[in-house]
$ cat work_30.cif   # mmCIF, C-alpha atoms and all ligand atoms
data_input
loop_
_atom_site.label_atom_id
_atom_site.label_comp_id
_atom_site.auth_asym_id
_atom_site.auth_seq_id
_atom_site.Cartn_x
_atom_site.Cartn_y
_atom_site.Cartn_z
CA ILE T 1460 0.00 0.00 0.00
CA ASP T 1461 2.93 2.36 0.61
CA GLU T 1462 3.86 1.89 -3.04
CA LEU T 1463 0.31 2.84 -4.04
CA LEU T 1464 0.31 5.87 -1.75
CA ALA T 1465 3.65 6.97 -3.19
CA GLN T 1466 2.16 6.89 -6.70
CA GLY T 1467 -0.70 9.07 -5.53
CA VAL T 1468 -4.32 8.00 -5.15
CA SER T 1469 -6.12 11.32 -5.06
CA GLY T 1470 -9.44 11.05 -6.88
CA LYS T 1471 -9.01 7.30 -7.46
CA ARG T 1472 -11.68 4.84 -6.40
CA VAL T 1473 -9.93 2.33 -4.19
CA PHE T 1474 -11.73 -0.91 -3.34
CA VAL T 1475 -10.66 -2.13 0.10
CA ARG T 1476 -11.59 -5.78 0.72
CA ALA T 1477 -11.82 -5.82 4.52
CA ASP T 1478 -13.01 -8.50 6.94
CA LEU T 1479 -15.74 -6.76 8.92
CA ASN T 1480 -17.19 -10.13 9.94
CA VAL T 1481 -17.72 -9.11 13.57
CA PRO T 1482 -19.83 -10.88 16.21
CA LEU T 1483 -23.26 -9.28 16.56
CA ASP T 1484 -25.96 -9.47 19.20
CA GLY T 1485 -28.91 -8.27 17.09
CA THR T 1486 -27.45 -5.09 15.64
CA THR T 1487 -24.98 -4.54 18.50
CA ILE T 1488 -21.35 -5.33 17.72
CA THR T 1489 -19.95 -7.32 20.63
CA ASP T 1490 -16.31 -7.13 19.50
CA ASP T 1491 -15.11 -4.50 17.01
CA GLY T 1492 -11.51 -5.74 16.74
CA ARG T 1493 -11.74 -6.55 13.05
CA ILE T 1494 -13.13 -3.10 12.24
CA ARG T 1495 -10.39 -1.36 14.21
CA ALA T 1496 -7.82 -3.49 12.41
CA VAL T 1497 -8.61 -2.04 8.98
CA VAL T 1498 -8.72 1.60 10.13
CA PRO T 1499 -5.03 2.37 9.40
CA THR T 1500 -5.42 1.36 5.75
CA VAL T 1501 -8.70 3.21 5.26
CA LYS T 1502 -7.37 6.29 7.04
CA ALA T 1503 -4.17 6.41 4.99
CA LEU T 1504 -6.09 6.10 1.72
CA ALA T 1505 -8.67 8.71 2.68
CA ALA T 1506 -5.97 11.09 3.89
CA ALA T 1507 -4.30 10.73 0.49
CA GLY T 1508 -7.53 11.79 -1.22
CA ALA T 1509 -8.74 8.39 -2.41
CA ARG T 1510 -12.43 7.61 -2.74
CA VAL T 1511 -12.46 4.56 -0.51
CA VAL T 1512 -14.96 1.78 -1.18
CA VAL T 1513 -14.90 -0.72 1.68
CA ALA T 1514 -16.43 -4.17 1.14
CA SER T 1515 -16.73 -7.26 3.31
CA HIS T 1516 -18.79 -10.32 4.07
CA LEU T 1517 -20.60 -10.82 7.35
CA GLY T 1518 -21.74 -14.24 8.53
CA ARG T 1519 -22.94 -16.83 6.07
CA PRO T 1520 -26.13 -15.58 4.38
CA LYS T 1521 -27.38 -17.77 1.56
CA GLY T 1522 -26.39 -15.69 -1.46
CA ALA T 1523 -29.37 -13.33 -1.16
CA PRO T 1524 -30.13 -10.22 0.95
CA ASP T 1525 -30.90 -11.05 4.58
CA PRO T 1526 -31.30 -8.16 7.04
CA ALA T 1527 -29.88 -10.26 9.89
CA PHE T 1528 -26.50 -10.10 8.13
CA SER T 1529 -26.46 -6.43 7.15
CA LEU T 1530 -23.15 -4.59 7.34
CA ALA T 1531 -24.92 -1.38 8.37
CA PRO T 1532 -23.82 -1.65 12.05
CA ALA T 1533 -20.22 -2.27 10.98
CA ALA T 1534 -20.33 0.72 8.60
CA ALA T 1535 -21.59 2.94 11.41
CA ARG T 1536 -18.82 1.71 13.73
CA LEU T 1537 -16.19 2.32 11.05
CA GLY T 1538 -17.46 5.89 10.76
CA GLU T 1539 -17.11 6.37 14.53
CA LEU T 1540 -13.58 4.99 14.50
CA LEU T 1541 -12.58 7.18 11.56
CA GLY T 1542 -14.32 10.19 13.06
CA ALA T 1543 -15.93 10.81 9.67
CA ASP T 1544 -19.21 10.23 7.88
CA VAL T 1545 -19.24 6.92 6.08
CA ALA T 1546 -21.75 6.44 3.27
CA PHE T 1547 -23.55 3.09 3.18
CA ALA T 1548 -24.79 1.39 0.03
CA THR T 1549 -27.79 -0.84 0.66
CA ASP T 1550 -26.65 -3.26 -2.03
CA THR T 1551 -23.27 -4.45 -3.30
CA VAL T 1552 -23.23 -3.87 -7.06
CA GLY T 1553 -26.73 -2.51 -7.69
CA ASP T 1554 -28.18 0.99 -8.04
CA SER T 1555 -27.39 2.01 -4.49
CA ALA T 1556 -23.72 0.97 -4.74
CA GLN T 1557 -23.33 2.68 -8.13
CA ALA T 1558 -24.90 5.90 -6.83
CA VAL T 1559 -22.98 5.93 -3.54
CA VAL T 1560 -19.63 5.34 -5.25
CA ALA T 1561 -20.39 7.90 -7.98
CA GLY T 1562 -21.21 10.43 -5.27
CA LEU T 1563 -18.04 9.88 -3.22
CA ALA T 1564 -15.86 12.96 -2.90
CA ASP T 1565 -12.07 12.68 -2.70
CA GLY T 1566 -10.98 11.52 0.76
CA ARG T 1567 -14.41 10.08 1.64
CA VAL T 1568 -15.34 6.53 2.56
CA ALA T 1569 -18.27 4.29 1.61
CA VAL T 1570 -19.17 0.79 2.78
CA LEU T 1571 -21.03 -1.62 0.50
CA GLU T 1572 -23.67 -4.04 1.78
CA ASN T 1573 -22.62 -7.64 2.54
CA LEU T 1574 -20.79 -9.21 -0.41
CA ARG T 1575 -22.39 -12.58 0.38
CA PHE T 1576 -25.85 -11.24 -0.47
CA ASN T 1577 -24.72 -12.17 -3.98
CA ALA T 1578 -24.40 -15.84 -4.91
CA GLY T 1579 -21.44 -15.02 -7.17
CA GLU T 1580 -19.24 -14.07 -4.22
CA THR T 1581 -18.83 -17.58 -2.83
CA SER T 1582 -19.68 -19.61 -5.92
CA LYS T 1583 -17.56 -22.67 -6.70
CA ASP T 1584 -18.14 -21.95 -10.37
CA ASP T 1585 -15.29 -19.83 -11.77
CA ALA T 1586 -17.51 -18.17 -14.38
CA GLU T 1587 -20.17 -17.19 -11.84
CA ARG T 1588 -17.56 -15.78 -9.47
CA GLY T 1589 -15.86 -14.04 -12.37
CA ALA T 1590 -19.09 -12.41 -13.49
CA PHE T 1591 -19.62 -11.00 -10.00
CA ALA T 1592 -16.00 -9.83 -9.85
CA ASP T 1593 -16.57 -8.03 -13.19
CA LEU T 1594 -19.43 -6.10 -11.61
CA LEU T 1595 -17.37 -5.24 -8.53
CA ALA T 1596 -14.54 -4.06 -10.79
CA THR T 1597 -16.81 -1.39 -12.27
CA LEU T 1598 -16.85 0.28 -8.84
CA ALA T 1599 -13.10 0.86 -8.52
CA ASP T 1600 -9.81 1.78 -10.17
CA VAL T 1601 -7.52 0.04 -7.69
CA TYR T 1602 -7.82 -2.94 -5.31
CA VAL T 1603 -6.38 -3.14 -1.81
CA GLY T 1604 -6.63 -6.51 -0.06
CA ASP T 1605 -6.80 -6.07 3.69
CA GLY T 1606 -9.33 -8.67 4.85
CA PHE T 1607 -6.82 -11.05 6.36
CA GLY T 1608 -9.58 -13.10 8.04
CA ALA T 1609 -10.92 -14.09 4.61
CA VAL T 1610 -7.74 -14.69 2.58
CA HIS T 1611 -8.22 -18.45 2.81
CA ARG T 1612 -11.47 -18.17 0.85
CA LYS T 1613 -11.43 -18.46 -2.94
CA HIS T 1614 -14.20 -15.90 -3.23
CA ALA T 1615 -14.87 -13.32 -5.94
CA SER T 1616 -13.85 -10.27 -3.92
CA VAL T 1617 -10.81 -12.03 -2.44
CA PHE T 1618 -9.44 -13.97 -5.40
CA ASP T 1619 -11.02 -12.90 -8.71
CA LEU T 1620 -11.34 -9.15 -8.27
CA PRO T 1621 -7.62 -8.40 -7.68
CA ALA T 1622 -6.87 -10.04 -11.05
CA ARG T 1623 -9.06 -7.38 -12.68
CA LEU T 1624 -7.49 -4.29 -11.09
CA PRO T 1625 -4.06 -3.03 -10.06
CA HIS T 1626 -3.74 -4.64 -6.63
CA TYR T 1627 -1.90 -4.03 -3.36
CA ALA T 1628 -1.81 -5.43 0.17
CA GLY T 1629 -3.05 -3.23 2.99
CA TYR T 1630 -1.32 -2.67 6.31
CA LEU T 1631 -3.26 -5.36 8.17
CA ILE T 1632 -2.39 -8.12 5.72
CA ALA T 1633 1.25 -7.05 5.72
CA THR T 1634 1.41 -7.18 9.53
CA GLU T 1635 -0.43 -10.49 9.85
CA VAL T 1636 1.70 -12.21 7.25
CA GLY T 1637 4.88 -10.80 8.82
CA VAL T 1638 3.98 -12.27 12.21
CA LEU T 1639 2.78 -15.66 10.99
CA LYS T 1640 5.83 -16.00 8.78
CA LYS T 1641 7.95 -15.70 11.91
CA LEU T 1642 6.07 -18.65 13.41
CA THR T 1643 6.94 -20.81 10.43
CA GLU T 1644 10.56 -19.73 10.16
CA ASP T 1645 12.53 -18.76 13.24
CA VAL T 1646 10.73 -19.64 16.46
CA ARG T 1647 12.23 -19.29 19.90
CA ARG T 1648 11.82 -22.53 21.84
CA PRO T 1649 10.04 -24.05 23.54
CA TYR T 1650 7.30 -23.43 20.98
CA VAL T 1651 3.97 -24.15 22.66
CA VAL T 1652 0.70 -24.35 20.74
CA ALA T 1653 -2.64 -24.24 22.54
CA LEU T 1654 -5.56 -25.38 20.40
CA GLY T 1655 -9.18 -25.11 21.44
CA GLY T 1656 -12.44 -24.65 19.61
CA SER T 1657 -15.07 -27.18 18.85
CA LYS T 1658 -14.07 -29.37 15.95
CA VAL T 1659 -11.05 -31.62 15.49
CA SER T 1660 -11.76 -31.64 11.77
CA ASP T 1661 -11.11 -27.86 11.59
CA LYS T 1662 -7.69 -28.31 13.17
CA ILE T 1663 -6.51 -31.45 11.42
CA GLY T 1664 -4.27 -29.74 8.92
CA VAL T 1665 -2.66 -27.52 11.48
CA ILE T 1666 -2.02 -30.33 13.97
CA ASP T 1667 -0.42 -32.34 11.17
CA ASN T 1668 1.83 -29.46 10.30
CA LEU T 1669 2.65 -28.41 13.86
CA LEU T 1670 3.73 -31.90 14.88
CA ASP T 1671 7.08 -31.20 13.25
CA LYS T 1672 7.39 -27.62 14.51
CA ALA T 1673 5.97 -27.34 18.02
CA ASP T 1674 7.55 -28.70 21.21
CA ARG T 1675 4.25 -28.92 23.09
CA ILE T 1676 0.62 -29.00 21.96
CA LEU T 1677 -2.09 -28.33 24.56
CA ILE T 1678 -5.64 -29.34 23.66
CA GLY T 1679 -8.78 -27.64 24.97
CA GLY T 1680 -12.31 -26.81 23.89
CA GLY T 1681 -14.82 -29.23 22.43
CA MET T 1682 -12.04 -31.05 20.60
CA VAL T 1683 -10.96 -32.61 23.88
CA PHE T 1684 -13.82 -35.09 23.92
CA THR T 1685 -12.97 -36.69 20.60
CA PHE T 1686 -9.44 -37.29 21.93
CA LEU T 1687 -10.78 -38.67 25.23
CA ALA T 1688 -13.27 -40.91 23.44
CA ALA T 1689 -10.51 -42.11 21.12
CA LYS T 1690 -8.55 -43.16 24.21
CA GLY T 1691 -11.56 -45.19 25.30
CA HIS T 1692 -12.97 -42.83 27.93
CA GLU T 1693 -16.62 -41.98 28.60
CA VAL T 1694 -17.46 -38.45 27.40
CA GLY T 1695 -21.15 -38.26 28.35
CA THR T 1696 -23.15 -36.01 26.05
CA SER T 1697 -20.12 -33.88 25.12
CA LEU T 1698 -19.32 -32.81 21.58
CA LEU T 1699 -17.86 -35.78 19.75
CA GLN T 1700 -16.66 -36.30 16.20
CA GLU T 1701 -16.84 -40.07 15.93
CA ASP T 1702 -15.21 -40.06 12.47
CA GLN T 1703 -12.13 -38.24 13.79
CA LYS T 1704 -11.27 -40.68 16.59
CA GLN T 1705 -8.81 -42.66 14.50
CA LYS T 1706 -7.06 -39.44 13.47
CA CYS T 1707 -6.75 -38.45 17.13
CA LEU T 1708 -5.03 -41.74 17.94
CA GLU T 1709 -2.66 -41.22 15.03
CA TYR T 1710 -1.76 -37.75 16.35
CA LEU T 1711 -1.06 -39.09 19.81
CA ALA T 1712 1.17 -41.83 18.41
CA GLU T 1713 2.94 -39.48 16.01
CA ALA T 1714 3.56 -36.92 18.76
CA GLU T 1715 5.14 -39.60 20.90
CA ARG T 1716 7.30 -40.79 18.02
CA ARG T 1717 8.56 -37.27 17.41
CA GLY T 1718 9.02 -36.34 21.06
CA VAL T 1719 6.32 -33.65 20.93
CA GLU T 1720 4.49 -33.29 24.25
CA PHE T 1721 0.80 -33.67 23.43
CA VAL T 1722 -1.16 -32.59 26.49
CA LEU T 1723 -4.82 -33.37 27.15
CA PRO T 1724 -6.90 -32.05 30.08
CA VAL T 1725 -6.79 -33.96 33.34
CA ASP T 1726 -10.12 -32.60 34.57
CA ILE T 1727 -13.27 -31.15 33.03
CA LEU T 1728 -16.14 -28.90 34.10
CA VAL T 1729 -19.42 -30.62 33.33
CA SER T 1730 -23.09 -29.76 33.54
CA ASP T 1731 -26.43 -31.33 32.59
CA GLY T 1732 -26.90 -29.26 29.47
CA PHE T 1733 -25.70 -26.28 27.46
CA PRO T 1734 -25.87 -23.06 29.49
CA ASP T 1735 -28.07 -20.11 28.53
CA LEU T 1736 -25.57 -17.63 27.13
CA LYS T 1737 -28.04 -14.74 27.26
CA ALA T 1738 -29.38 -15.03 30.82
CA LYS T 1739 -25.98 -16.30 32.08
CA ALA T 1740 -27.70 -17.71 35.18
CA PRO T 1741 -25.43 -19.84 37.43
CA THR T 1742 -25.33 -23.51 36.38
CA HIS T 1743 -23.28 -25.00 39.26
CA PRO T 1744 -20.83 -27.03 37.17
CA GLU T 1745 -19.12 -30.09 38.63
CA THR T 1746 -15.42 -30.86 38.23
CA VAL T 1747 -14.71 -34.43 37.15
CA ALA T 1748 -11.57 -36.34 36.17
CA ALA T 1749 -11.09 -36.35 32.41
CA ASP T 1750 -10.79 -40.14 32.36
CA ALA T 1751 -13.93 -40.65 34.47
CA MET T 1752 -16.64 -38.42 33.05
CA PRO T 1753 -20.13 -39.45 34.15
CA ALA T 1754 -22.53 -40.59 31.45
CA GLY T 1755 -25.21 -38.00 30.69
CA LYS T 1756 -23.02 -34.98 31.50
CA LEU T 1757 -21.80 -32.37 29.04
CA GLY T 1758 -18.20 -31.13 29.19
CA LEU T 1759 -18.01 -27.34 28.89
CA ASP T 1760 -14.55 -26.22 30.03
CA ILE T 1761 -11.19 -27.50 31.21
CA GLY T 1762 -11.05 -27.97 34.99
CA PRO T 1763 -8.92 -26.26 37.68
CA ASP T 1764 -6.06 -28.81 37.65
CA THR T 1765 -5.84 -28.52 33.87
CA ARG T 1766 -5.73 -24.73 34.18
CA LYS T 1767 -2.69 -25.08 36.44
CA LEU T 1768 -1.12 -27.71 34.21
CA TYR T 1769 -1.52 -25.61 31.05
CA ALA T 1770 -0.23 -22.49 32.81
CA ALA T 1771 2.88 -24.49 33.83
CA LYS T 1772 3.33 -25.77 30.26
CA LEU T 1773 3.22 -22.19 28.99
CA ALA T 1774 5.40 -20.68 31.74
CA ASP T 1775 8.74 -21.05 29.93
CA ALA T 1776 7.47 -20.68 26.38
CA GLY T 1777 9.73 -18.90 23.93
CA THR T 1778 6.89 -18.76 21.40
CA VAL T 1779 3.16 -19.40 21.77
CA PHE T 1780 0.43 -19.76 19.20
CA TRP T 1781 -3.05 -20.02 20.66
CA ASN T 1782 -6.16 -20.66 18.61
CA GLY T 1783 -9.61 -21.45 19.98
CA PRO T 1784 -11.22 -20.93 23.40
CA MET T 1785 -10.74 -23.65 26.03
CA GLY T 1786 -14.42 -23.73 26.95
CA VAL T 1787 -17.75 -21.97 26.54
CA PHE T 1788 -16.19 -18.68 27.66
CA GLU T 1789 -19.34 -16.72 26.81
CA HIS T 1790 -20.83 -18.04 30.07
CA PRO T 1791 -19.01 -16.99 33.28
CA ASP T 1792 -19.15 -20.54 34.70
CA TYR T 1793 -17.04 -21.80 31.79
CA ALA T 1794 -14.72 -18.86 31.13
CA GLU T 1795 -11.95 -19.76 33.56
CA GLY T 1796 -10.10 -22.17 31.29
CA THR T 1797 -9.85 -19.59 28.53
CA ARG T 1798 -8.98 -16.89 31.05
CA ALA T 1799 -6.19 -19.04 32.53
CA VAL T 1800 -4.65 -19.70 29.13
CA ALA T 1801 -4.87 -16.00 28.17
CA GLN T 1802 -3.21 -15.07 31.47
CA ALA T 1803 -0.52 -17.71 30.96
CA LEU T 1804 0.25 -16.17 27.55
CA LEU T 1805 0.67 -12.80 29.22
CA ASP T 1806 3.00 -14.32 31.82
CA ALA T 1807 5.04 -16.28 29.27
CA PRO T 1808 8.48 -14.82 28.55
CA GLY T 1809 8.29 -15.34 24.80
CA PHE T 1810 6.43 -14.03 21.79
CA THR T 1811 2.71 -14.78 21.99
CA VAL T 1812 0.27 -14.91 19.10
CA VAL T 1813 -3.47 -15.21 19.58
CA GLY T 1814 -4.98 -16.46 16.35
CA GLY T 1815 -8.61 -16.55 15.51
CA GLY T 1816 -11.77 -14.56 15.66
CA ASP T 1817 -13.07 -16.48 18.70
CA SER T 1818 -9.94 -16.44 20.83
CA ALA T 1819 -9.31 -12.78 19.96
CA ALA T 1820 -12.89 -11.92 20.95
CA ALA T 1821 -12.49 -14.01 24.13
CA VAL T 1822 -9.36 -12.12 25.13
CA ARG T 1823 -11.13 -8.80 24.75
CA THR T 1824 -14.47 -9.78 26.28
CA LEU T 1825 -12.67 -11.26 29.29
CA GLY T 1826 -11.14 -7.83 29.84
CA PHE T 1827 -7.49 -8.45 28.89
CA ASP T 1828 -5.42 -5.65 27.43
CA GLU T 1829 -4.98 -6.75 23.83
CA ASN T 1830 -1.80 -4.72 23.50
CA ALA T 1831 -0.11 -6.89 26.10
CA PHE T 1832 -0.05 -9.86 23.69
CA GLY T 1833 2.63 -10.15 21.03
CA HIS T 1834 0.04 -10.21 18.28
CA ILE T 1835 -3.69 -10.81 18.05
CA SER T 1836 -4.54 -12.11 14.62
CA THR T 1837 -7.85 -11.16 13.02
CA GLY T 1838 -7.82 -14.45 11.15
CA GLY T 1839 -9.14 -17.73 12.53
CA GLY T 1840 -9.24 -20.15 9.64
CA ALA T 1841 -6.84 -17.90 7.73
CA SER T 1842 -4.09 -18.02 10.35
CA LEU T 1843 -4.51 -21.78 10.78
CA GLU T 1844 -4.33 -22.38 7.05
CA TYR T 1845 -1.29 -20.14 6.81
CA LEU T 1846 0.45 -22.20 9.48
CA GLU T 1847 -0.60 -25.37 7.65
CA GLY T 1848 1.56 -24.10 4.82
CA LYS T 1849 -1.34 -23.86 2.39
CA THR T 1850 -1.48 -21.38 -0.47
CA LEU T 1851 -4.09 -18.82 0.51
CA PRO T 1852 -6.07 -17.55 -2.51
CA GLY T 1853 -6.31 -13.99 -1.19
CA LEU T 1854 -2.55 -13.75 -0.66
CA ALA T 1855 -1.65 -15.50 -3.89
CA ALA T 1856 -3.85 -13.00 -5.75
CA LEU T 1857 -1.84 -10.10 -4.33
CA GLU T 1858 1.59 -11.62 -4.74
CA ASP T 1859 2.61 -10.46 -8.19
C1 LIG N 1901 -13.79 -15.75 9.74
O1 LIG N 1901 -14.60 -15.37 10.59
O2 LIG N 1901 -12.97 -16.66 9.96
C2 LIG N 1901 -13.73 -15.02 8.43
O3 LIG N 1901 -14.43 -13.84 8.47
C3 LIG N 1901 -14.18 -15.93 7.32
O4 LIG N 1901 -15.53 -16.24 7.49
P1 LIG N 1901 -16.12 -17.60 6.87
O5 LIG N 1901 -15.53 -18.73 7.69
O6 LIG N 1901 -17.61 -17.49 6.99
O7 LIG N 1901 -15.66 -17.68 5.44
#
$ encode --input "work_30.cif" --output "structure tokens" --more "lines below"
Ligand code: 3PG
Amino acid sequence: IDELLAQGVSGKRVFVRADLNVPLDGTTITDDGRIRAVVPTVKALAAAGARVVVASHLGRPKGAPDPAFSLAPAAARLGELLGADVAFATDTVGDSAQAVVAGLADGRVAVLENLRFNAGETSKDDAERGAFADLLATLADVYVGDGFGAVHRKHASVFDLPARLPHYAGYLIATEVGVLKKLTEDVRRPYVVALGGSKVSDKIGVIDNLLDKADRILIGGGMVFTFLAAKGHEVGTSLLQEDQKQKCLEYLAEAERRGVEFVLPVDILVSDGFPDLKAKAPTHPETVAADAMPAGKLGLDIGPDTRKLYAAKLADAGTVFWNGPMGVFEHPDYAEGTRAVAQALLDAPGFTVVGGGDSAAAVRTLGFDENAFGHISTGGGASLEYLEGKTLPGLAALED
């Protein structure tokens, strides 16, 4: 983007592909981290006199307008953060978008409605995606990719549009890639990886890849129960991916073969059912040994001994990558595991990276100072896929 700014962008329509996919409660944004992350790029372009057209997806609407997934709240928040009026187009490539972009003065910013209200955005069909990218291209002279959270998606605005316009990487993408590159190249040891979140299948690639990089892998979140079940333990009504059990056993064996410490929880907080995340009423969880979970109980967080164990495993870390909450942190009864891991990252002597929309949101909603971490990535799937060593369509499209 510095190269673009040096050439001069005054009067040019610059399309900024951001990731404004923020968590919403109705129309209230519960964590605005991803919006704040794109502000430096938007500000720099606007200050240089560009007509900035910001576009993003939000959630997973079904290729047609759906008010529940409108970007209007995100556009309003971007305006507050910029301290400037932001125009909002109520469609993406239709009359509203055309009129809003045509009416943009130099140095002003507009946000388009959710890209995924158009089936072409996420289509698997190259021609359909291409046709949508052609329409988007009519709205801009230059493309700036800065939606790091979405670079692993081969979507029209991420992959096809940059091929149709002069293209540059924004500040956020440059920073994110710089940090993650460090994790794949020169890590200070011990390199400890903490993986949470619900599905083993989402983490398979990264576990595979990390087995020859990390010194220790700590497992938390819903994934735990597939590992426990694979080892032959009762997991009650907890989340379980039956078809991933074999893979879990292979990981455990492979970790042992390579001398990687693969650490599973020793105790679990359980309850009778899933807690009400809105009312947040007390649920009186029980702590049980991980290898003796009662039938009929649902595991919702790592237990107190595991919190201590994981803190100890992180205490001397030279490098940490953490992705995925340890439990259902949105409910106070099950937030302690995630809180303990976040605190252990802060206490660790090394460089700490929090990767992922959920863990980043957890860190902020639990009241931690985000600046105290080495880096908080805006990308969940994107940072994992980067660490897996995959080619990310949204980065490949910017590379030349
Ligand atoms: C994310 O939240 O990881 C990104 O915004 C991508 O969203 P998606 O998983 O719906 O493509």
$ atom_distance --input "work_30.cif" --atom1 "atom C2 of ligand LIG 1901 (chain N)" --atom2 "atom CA of T:Ala1609"
4.8 Å
$ closest_residue --input "work_30.cif" --among "T:His1790, T:Arg1716, T:Arg1567, T:Lys1672" --to "T:Pro1744" --atoms "only C-alpha atoms"
T:His1790
$ residues_near_ligand --input "work_30.cif" --ligand "ligand LIG 1901 (chain N)" --cutoff "7 Å" --atoms "only C-alpha atoms and all ligand atoms" --output "number ranges by chain"
T: 1478, 1480, 1517-1519, 1608-1609, 1612, 1816, 1838-1841
$ residues_near_point --input "work_30.cif" --point "(-22.9, 1.5, 3.8)" --cutoff "10 Å" --atoms "only C-alpha atoms" --output "PyMOL selection string"
chain T and resi 1512-1514+1529-1535+1537-1538+1545-1551+1555-1556+1559+1568-1573
$ atom_distance --input "work_30.cif" --atom1 "atom CA of T:Leu1594" --atom2 "atom CA of T:Gly1470"
20.4 Å
$ closest_residue --input "work_30.cif" --among "T:Gly1680, T:Gly1522, T:Gly1604, T:Pro1763" --to "T:Arg1588" --atoms "all atoms listed in the file"
T:Gly1522
$ closest_residue --input "work_30.cif" --among "T:Ala1807, T:Ala1527, T:Val1683, T:Ile1632" --to "T:Pro1499" --atoms "all atoms listed in the file"
T:Ile1632
$ residues_around --input "work_30.cif" --residues "T:Gly1853" --least-positions-apart "5" --cutoff "9 Å" --atoms "all atoms listed in the file" --output "list in words"
Gly1604, Gly1606, Phe1607, Ala1609, Val1610, His1611, Arg1612, Lys1613, His1614, Ser1616, Val1617, Phe1618, Asp1619, Pro1621 and Glu1858 of chain T
$ atom_distance --input "work_30.cif" --atom1 "atom CA of T:Gly1629" --atom2 "atom CA of T:Val1665"
25.7 Å
$ residues_around --input "work_30.cif" --residues "T:Asp1674" --least-positions-apart "3" --cutoff "10 Å" --atoms "only C-alpha atoms" --output "list in words"
Arg1648, Pro1649, Tyr1650, Val1651, Val1652, Leu1669, Leu1670, Asp1671, Ala1714, Arg1717, Gly1718, Val1719, Glu1720, Phe1721, Ala1776 and Thr1778 of chain T
$ closest_residue --input "work_30.cif" --among "T:Asp1554, T:Glu1539, T:Asp1565, T:Asp1490" --to "T:Ala1509" --atoms "all atoms listed in the file"
T:Asp1565
$ closest_residue --input "work_30.cif" --among "T:Phe1528, T:Phe1788, T:Tyr1602, T:Phe1576" --to "T:Val1468" --atoms "only C-alpha atoms"
T:Tyr1602
$ residues_around --input "work_30.cif" --residues "T:Lys1658" --least-positions-apart "3" --cutoff "8 Å" --atoms "all atoms listed in the file" --output "mmCIF file with C-alpha atoms, in the frame of the given file"
data_model
loop_
_atom_site.group_PDB
_atom_site.id
_atom_site.type_symbol
_atom_site.label_atom_id
_atom_site.label_comp_id
_atom_site.auth_asym_id
_atom_site.auth_seq_id
_atom_site.Cartn_x
_atom_site.Cartn_y
_atom_site.Cartn_z
ATOM 1 C CA ASP T 1661 -11.110 -27.860 11.590
ATOM 2 C CA LYS T 1662 -7.690 -28.310 13.170
ATOM 3 C CA GLY T 1681 -14.820 -29.230 22.430
ATOM 4 C CA MET T 1682 -12.040 -31.050 20.600
ATOM 5 C CA GLN T 1700 -16.660 -36.300 16.200
#
$ residues_around --input "work_30.cif" --residues "T:Gly1783" --least-positions-apart "3" --cutoff "7 Å" --atoms "only C-alpha atoms" --output "count of residues only"
6
$ residues_around --input "work_30.cif" --residues "stretch 1691-1693 of chain T" --least-positions-apart "5" --cutoff "12 Å" --atoms "only C-alpha atoms" --output "list in words"
Val1683, Phe1684, Thr1685, Phe1686, Leu1698, Leu1699, Glu1701, Lys1704, Gln1705, Cys1707, Leu1708, Val1747, Ala1748, Ala1749, Asp1750, Ala1751, Met1752, Pro1753, Ala1754, Gly1755, Lys1756, Leu1757 and Gly1758 of chain T
$ closest_residue --input "work_30.cif" --among "T:Ala1819, T:Leu1857, T:Val1813, T:Ala1507" --to "T:Val1481" --atoms "all atoms listed in the file"
T:Ala1819
$ residues_near_point --input "work_30.cif" --point "(4.6, -9.3, 29.4)" --cutoff "8 Å" --atoms "all atoms listed in the file" --output "number ranges by chain"
T: 1805-1808, 1831-1832
